[in-house]
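Trainee: Below: one structure in structure tokens.
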Amino acid sequence: MKLTLLLLLFFGLNIPAFSQQQFSISGKITDEHNKPIPFASVYIKNTTKGASANSDGAYRLQLGAGKYELQFKAVGYGQQSRQITVTDNQVTNISLQTETYQLKDIAIHAGGEDPAYAIIRKAIKKRKAYLNEVKAYTCDIYIKGLQKLLAAPKKFMGFDVQKATSEAGLDSTRTGIVYLSESESKYSYMRPDLVHEVQVSSKVSGYNRAFSFNRASDMQVNFYQNFESWKGLSNRPLVSPIAENALFYYNYKLIGITIENGETINKIMVTPKRGYDPCFEGYIYILDDSWRIAALQLFITKKSNINFVDTLKINQQFYPVNNEVWMPATIKFEFTGGVFGFKLGGYFISVYKNYDLAPVLNKKDFQERINITKGHDKDSVYWAQARPIPLTQEEKTDYEVKGKLAIKRESKQYLDSLDKANNTFKLTNILLTGIDTRNRYKKEYFHYSSVLNSVLYNTVEGLAVNYGVSFTKMTDTVDSRYIAVSARVRYGFGNHLFGGVAGVSLPVKQMTLSFNAGSDVTDLNGQQPVSTLINSVYTLFRRENFQKLYQKQFASVSFFGRIAGGWQASAYTEWANRKWLPNTTSYSFFGKNDRQFTSNNPLLPTQDVPLFPENQSFKVSLRTSYDFSNRYETYPFGRRYLPSKYPTIGINYTKAISGVFGSDVDYSQLSADISKSDIDLGFYGRTSFFIGAGKFINVNKIYYPDFKQFDGNQIAVYKPSFNRFLLLDYYNFSTPDKYLEGHLEHNFSGFITNKIPILRNLKLQEIIDINYLSTPALKNYTELGFGLQRGVIRVMYGRSYNTSSNIRNALRVGISF
């Protein structure tokens, strides 16, 4: 009886397996000259199941036994169909002929409008209908990414490129695959812009336990949108060839028509009207009668001021999912670029299948935009069956060679050898960057300050040393949580003050708990508006001592982090003994006869008298903020919350309590702010703004360090920030009363300079700054700034106004570092 049951169970489990046995249909897709057609598509007719050829034209499809009609197609080639009967593995090679596009039925008159314009107008008219045609859908997406180093120098700025590429598994010519990854995702979409992606499997060459950063959402392009915003790649949105105003940007030419599956397809060449416009070039294929996109072959180059790459090609094919709706079948991005003797090329391709246009979806699931977690790595047997694009021989070799390297890289012996080789230092480390040592196996890191960041000069301390050491250890590799310990010692040779500060930060679930204590000499303006390095240079070389300092002996505790979703909060408690300090030196390299140093009292610059008496303070500060968004992405290292399309609102409350540990101060401060950065305005750039207001209440005793301080700027070189003033004095307008401040920064992203030939290739961005401040002592202070930015360098011309008609002008150079 038991044997009978076991036999029945065995056959019961295996009969479906036998009936669902899969066979391999493989071959090569070539053109009429027997040359491979890279990434051609093969699909089962009237389904969304298919595959794509690799870069050598080889394809492979898994099918059960039965009869099928396969359709082979590639943009620019005539489609071929082949009836097959599957009973075993078989090889089916296909030759596609270059598509012939006819113009015989179309009359084109000399000097008349090209017929392409009438087709494009109809496509533009249907654009919105197709953009909103599908309310929701789900599908499965396979993504493959490959990047190759095509050329590289043997050495670069002292770095041994030959050694590094050899250790990375590249050949002796310093060329080869540097990134190869495959992934499979389940993708859900709900109009207008909600997406949810779950990565179900991944494979990364050279990293046995890594996860892929391939993201289906990054591969999404929709030319039914008016433009594509690809931040980083292009400072400006890229105009679709069928955008509402596309006729202003593009020229069109009808190449011809062809018939495929009973559909008439118009091949239209698109070119920008002006070389500097953010437009594509290439071909777009429009279906007759329905006027929808069937396919496109577009590219964009550096003449349109794209970043990082020289040329980017986009190839997209659509297929009918049902009698009414066409959806993407494949999307491929191909790129080449180079700099300083390095040349890189590669592609990312996605293959779509199993569309469901009427899914049952829960809007709450879309709070998570993407889910990429560990544990989805599959073995080679799985991938041999699952991947719709066969590997080339080069890719197979890369997986094998780098798989062995990955095992080696995970060993303690290898990690220790890396640490031994890298935990060395040169004179430049000591002087400029500091010394970093690490233990990769234990996940521990040490940093020792450089001389540049440790030696300083000011008129209070004279020559001073402020040397720091930090230690960090990863305690949670899943959520990337760390313990951090730091310590600094400080000594001023002019005032002979010795001090030191120590601190520790500990992870507490998703929050962070920090303790700090010590004795320090610090800026009177808590915003730290001028760095010690810049102040040292100005003091010694220009005899301008901008930084004003005081001594603070303190102990503090803070607790901060994300409460839930877009809600963050922090609490901070500090006791401090605060002492004003006088100047102790008047030495400078230059200008001794031309300019006098100001005192360390910013309100009485000609008198070296105390700004405030020595006092103690005990304060508790609370802050909470909310950005109206609960959307996030999940990675193996934890959640990353996405920026909200709404502003962030923050509320702050500080209470200074007298009598606690000898505290002298007694007041309350309440403030609120609203801000939003990088508001996308399409062709007109991006805007950021900050508005803050506050008031001190129940003030019985307060000292200058407790005042509301503002992030001013008095020097030519500064660090840009959209809520920073260009010309405001560092200290004079701090207030113990009410205040209102506002900042608006707009980046035109080359909207103007790209129209000027001499400036076009410089990739400049136009910046406008508007800053406002009102306090009882400074009413209606306004700054207007105009400038240009390229990379990390910004040059601004600023002009300030206030109610007393005190107008200032200045040129500022901003460096983002």
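Ordering of the structure tokens sets the chain letters (A, B, ...), residue numbers begin anew at 1 in every chain, and ligands are numbered from 1 in the order given.
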Which residues, written as a VMD selection string, have at least one atom at most 6 Å from A:Tyr142, with only C-alpha atoms counted and residues fewer than 3 positions away on the same chain left out?
Mentor: chain A and resid 183 to 184 350 to 351
Trainee: Can you pull out every residue within 12 Å of stretch 603-616 of chain A, counting only C-alpha atoms, but drop anything in the same chain fewer than 5 positions away, and send it as an NGL selection string?
Mentor: :A and (459-460 or 524 or 544-546 or 548-555 or 574-584 or 596-598 or 656-666 or 701-706 or 729-734)
Trainee: Step one, run DSSP on the backbone; step two, keep only residues of stretch 329-371 of chain A assigned to strand (DSSP E); then write them as a PyMOL selection string.
Mentor: chain A and resi 329-339+342-356+368-371
Trainee: Those same residues - N, CA and C atoms - I'd like them written as a PDB file, in the first residue's frame.
Mentor:
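Final output, result-v1.pdb:
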```pdb
ATOM      1  N   ALA A 329       8.812  46.090 -26.443  1.00  0.00           N
ATOM      2  CA  ALA A 329       9.329  44.725 -26.480  1.00  0.00           C
ATOM      3  C   ALA A 329      10.770  44.691 -25.997  1.00  0.00           C
ATOM      4  N   THR A 330      11.569  45.602 -26.498  1.00  0.00           N
ATOM      5  CA  THR A 330      12.960  45.729 -26.059  1.00  0.00           C
ATOM      6  C   THR A 330      13.346  47.199 -26.051  1.00  0.00           C
ATOM      7  N   ILE A 331      14.246  47.545 -25.166  1.00  0.00           N
ATOM      8  CA  ILE A 331      14.862  48.875 -25.131  1.00  0.00           C
ATOM      9  C   ILE A 331      16.358  48.672 -24.946  1.00  0.00           C
ATOM     10  N   LYS A 332      17.149  49.329 -25.774  1.00  0.00           N
ATOM     11  CA  LYS A 332      18.607  49.201 -25.649  1.00  0.00           C
ATOM     12  C   LYS A 332      19.259  50.578 -25.656  1.00  0.00           C
ATOM     13  N   PHE A 333      20.104  50.816 -24.665  1.00  0.00           N
ATOM     14  CA  PHE A 333      20.957  51.998 -24.613  1.00  0.00           C
ATOM     15  C   PHE A 333      22.391  51.544 -24.919  1.00  0.00           C
ATOM     16  N   GLU A 334      23.007  52.182 -25.878  1.00  0.00           N
ATOM     17  CA  GLU A 334      24.393  51.865 -26.231  1.00  0.00           C
ATOM     18  C   GLU A 334      25.201  53.152 -26.177  1.00  0.00           C
ATOM     19  N   PHE A 335      26.385  53.086 -25.591  1.00  0.00           N
ATOM     20  CA  PHE A 335      27.142  54.315 -25.369  1.00  0.00           C
ATOM     21  C   PHE A 335      28.629  54.105 -25.595  1.00  0.00           C
ATOM     22  N   THR A 336      29.300  55.186 -25.938  1.00  0.00           N
ATOM     23  CA  THR A 336      30.754  55.238 -26.003  1.00  0.00           C
ATOM     24  C   THR A 336      31.195  56.577 -25.423  1.00  0.00           C
ATOM     25  N   GLY A 337      32.379  56.589 -24.844  1.00  0.00           N
ATOM     26  CA  GLY A 337      32.907  57.824 -24.276  1.00  0.00           C
ATOM     27  C   GLY A 337      34.352  57.656 -23.896  1.00  0.00           C
ATOM     28  N   GLY A 338      34.998  58.755 -23.608  1.00  0.00           N
ATOM     29  CA  GLY A 338      36.402  58.667 -23.222  1.00  0.00           C
ATOM     30  C   GLY A 338      36.916  59.965 -22.659  1.00  0.00           C
ATOM     31  N   VAL A 339      37.967  59.863 -21.838  1.00  0.00           N
ATOM     32  CA  VAL A 339      38.611  61.034 -21.262  1.00  0.00           C
ATOM     33  C   VAL A 339      39.998  60.633 -20.770  1.00  0.00           C
ATOM     34  N   PHE A 342      41.422  57.202 -21.506  1.00  0.00           N
ATOM     35  CA  PHE A 342      40.538  56.076 -21.223  1.00  0.00           C
ATOM     36  C   PHE A 342      39.359  56.127 -22.198  1.00  0.00           C
ATOM     37  N   LYS A 343      38.987  54.967 -22.748  1.00  0.00           N
ATOM     38  CA  LYS A 343      37.836  54.884 -23.633  1.00  0.00           C
ATOM     39  C   LYS A 343      36.938  53.757 -23.165  1.00  0.00           C
ATOM     40  N   LEU A 344      35.660  54.060 -23.017  1.00  0.00           N
ATOM     41  CA  LEU A 344      34.698  53.109 -22.470  1.00  0.00           C
ATOM     42  C   LEU A 344      33.533  52.959 -23.435  1.00  0.00           C
ATOM     43  N   GLY A 345      33.005  51.757 -23.519  1.00  0.00           N
ATOM     44  CA  GLY A 345      31.827  51.492 -24.340  1.00  0.00           C
ATOM     45  C   GLY A 345      30.974  50.426 -23.684  1.00  0.00           C
ATOM     46  N   GLY A 346      29.721  50.368 -24.060  1.00  0.00           N
ATOM     47  CA  GLY A 346      28.876  49.335 -23.478  1.00  0.00           C
ATOM     48  C   GLY A 346      27.431  49.524 -23.836  1.00  0.00           C
ATOM     49  N   TYR A 347      26.584  48.749 -23.174  1.00  0.00           N
ATOM     50  CA  TYR A 347      25.153  48.837 -23.434  1.00  0.00           C
ATOM     51  C   TYR A 347      24.370  48.320 -22.242  1.00  0.00           C
ATOM     52  N   PHE A 348      23.113  48.709 -22.189  1.00  0.00           N
ATOM     53  CA  PHE A 348      22.112  48.125 -21.300  1.00  0.00           C
ATOM     54  C   PHE A 348      20.906  47.792 -22.165  1.00  0.00           C
ATOM     55  N   ILE A 349      20.413  46.583 -22.040  1.00  0.00           N
ATOM     56  CA  ILE A 349      19.262  46.163 -22.823  1.00  0.00           C
ATOM     57  C   ILE A 349      18.236  45.516 -21.909  1.00  0.00           C
ATOM     58  N   SER A 350      16.971  45.805 -22.149  1.00  0.00           N
ATOM     59  CA  SER A 350      15.896  45.189 -21.375  1.00  0.00           C
ATOM     60  C   SER A 350      14.926  44.503 -22.331  1.00  0.00           C
ATOM     61  N   VAL A 351      14.464  43.319 -21.924  1.00  0.00           N
ATOM     62  CA  VAL A 351      13.528  42.524 -22.709  1.00  0.00           C
ATOM     63  C   VAL A 351      12.264  42.339 -21.879  1.00  0.00           C
ATOM     64  N   TYR A 352      11.102  42.658 -22.455  1.00  0.00           N
ATOM     65  CA  TYR A 352       9.831  42.664 -21.736  1.00  0.00           C
ATOM     66  C   TYR A 352       8.964  41.488 -22.191  1.00  0.00           C
ATOM     67  N   LYS A 353       8.275  40.868 -21.239  1.00  0.00           N
ATOM     68  CA  LYS A 353       7.375  39.771 -21.584  1.00  0.00           C
ATOM     69  C   LYS A 353       6.273  39.670 -20.522  1.00  0.00           C
ATOM     70  N   ASN A 354       5.289  38.815 -20.819  1.00  0.00           N
ATOM     71  CA  ASN A 354       4.193  38.505 -19.875  1.00  0.00           C
ATOM     72  C   ASN A 354       3.455  39.748 -19.402  1.00  0.00           C
ATOM     73  N   TYR A 355       3.063  40.589 -20.349  1.00  0.00           N
ATOM     74  CA  TYR A 355       2.281  41.775 -19.993  1.00  0.00           C
ATOM     75  C   TYR A 355       0.887  41.377 -19.505  1.00  0.00           C
ATOM     76  N   ASP A 356       0.438  42.067 -18.461  1.00  0.00           N
ATOM     77  CA  ASP A 356      -0.942  41.989 -17.997  1.00  0.00           C
ATOM     78  C   ASP A 356      -1.463  43.417 -17.929  1.00  0.00           C
ATOM     79  N   GLU A 368       6.715  51.440  -1.961  1.00  0.00           N
ATOM     80  CA  GLU A 368       8.060  50.926  -2.253  1.00  0.00           C
ATOM     81  C   GLU A 368       8.251  50.979  -3.768  1.00  0.00           C
ATOM     82  N   ARG A 369       9.208  51.790  -4.219  1.00  0.00           N
ATOM     83  CA  ARG A 369       9.444  51.942  -5.653  1.00  0.00           C
ATOM     84  C   ARG A 369      10.225  50.765  -6.217  1.00  0.00           C
ATOM     85  N   ILE A 370      11.205  50.311  -5.466  1.00  0.00           N
ATOM     86  CA  ILE A 370      12.042  49.217  -5.941  1.00  0.00           C
ATOM     87  C   ILE A 370      12.478  48.366  -4.764  1.00  0.00           C
ATOM     88  N   ASN A 371      12.581  47.071  -4.993  1.00  0.00           N
ATOM     89  CA  ASN A 371      13.032  46.136  -3.960  1.00  0.00           C
ATOM     90  C   ASN A 371      14.154  45.302  -4.532  1.00  0.00           C
TER      91      ASN A 371
END
```
Trainee: So, with only C-alpha atoms as the atoms that count, which of A:Gln80, A:Gln367, A:Gln709, A:Gln669 lies closest to A:Leu642?
Mentor: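 Result for the nearest residue to A:Leu642: A:Gln367.
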Trainee: Quick one: of A:Gly112, A:Pro507, A:Gly650, A:Gly685, who's nearest to A:Phe560, counting only C-alpha atoms?
Mentor: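 Smallest distance to A:Phe560 is found for A:Pro507.
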Trainee: Kindly give the distance, in Å, that separates atom CA of A:Ala406 and atom CA of A:Ile143, rounded to a single decimal.
Mentor: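 Atom CA of A:Ile143 lies at a distance of 22.1 Å from atom CA of A:Ala406.
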Trainee: Using atom CA of A:Cys139 and atom CA of A:Gly638 as the two end points, give the distance in Å to one decimal.
Mentor: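 Computing the Euclidean distance for atom CA of A:Cys139 and atom CA of A:Gly638 yields 25.5 Å.
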Trainee: Have a look at A:Trp326, A:Tyr319, A:Phe618, A:Tyr285 and name the one nearest to A:Asn266; count only C-alpha atoms.
Mentor: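 Among the listed residues, the smallest separation from A:Asn266 belongs to A:Tyr285.
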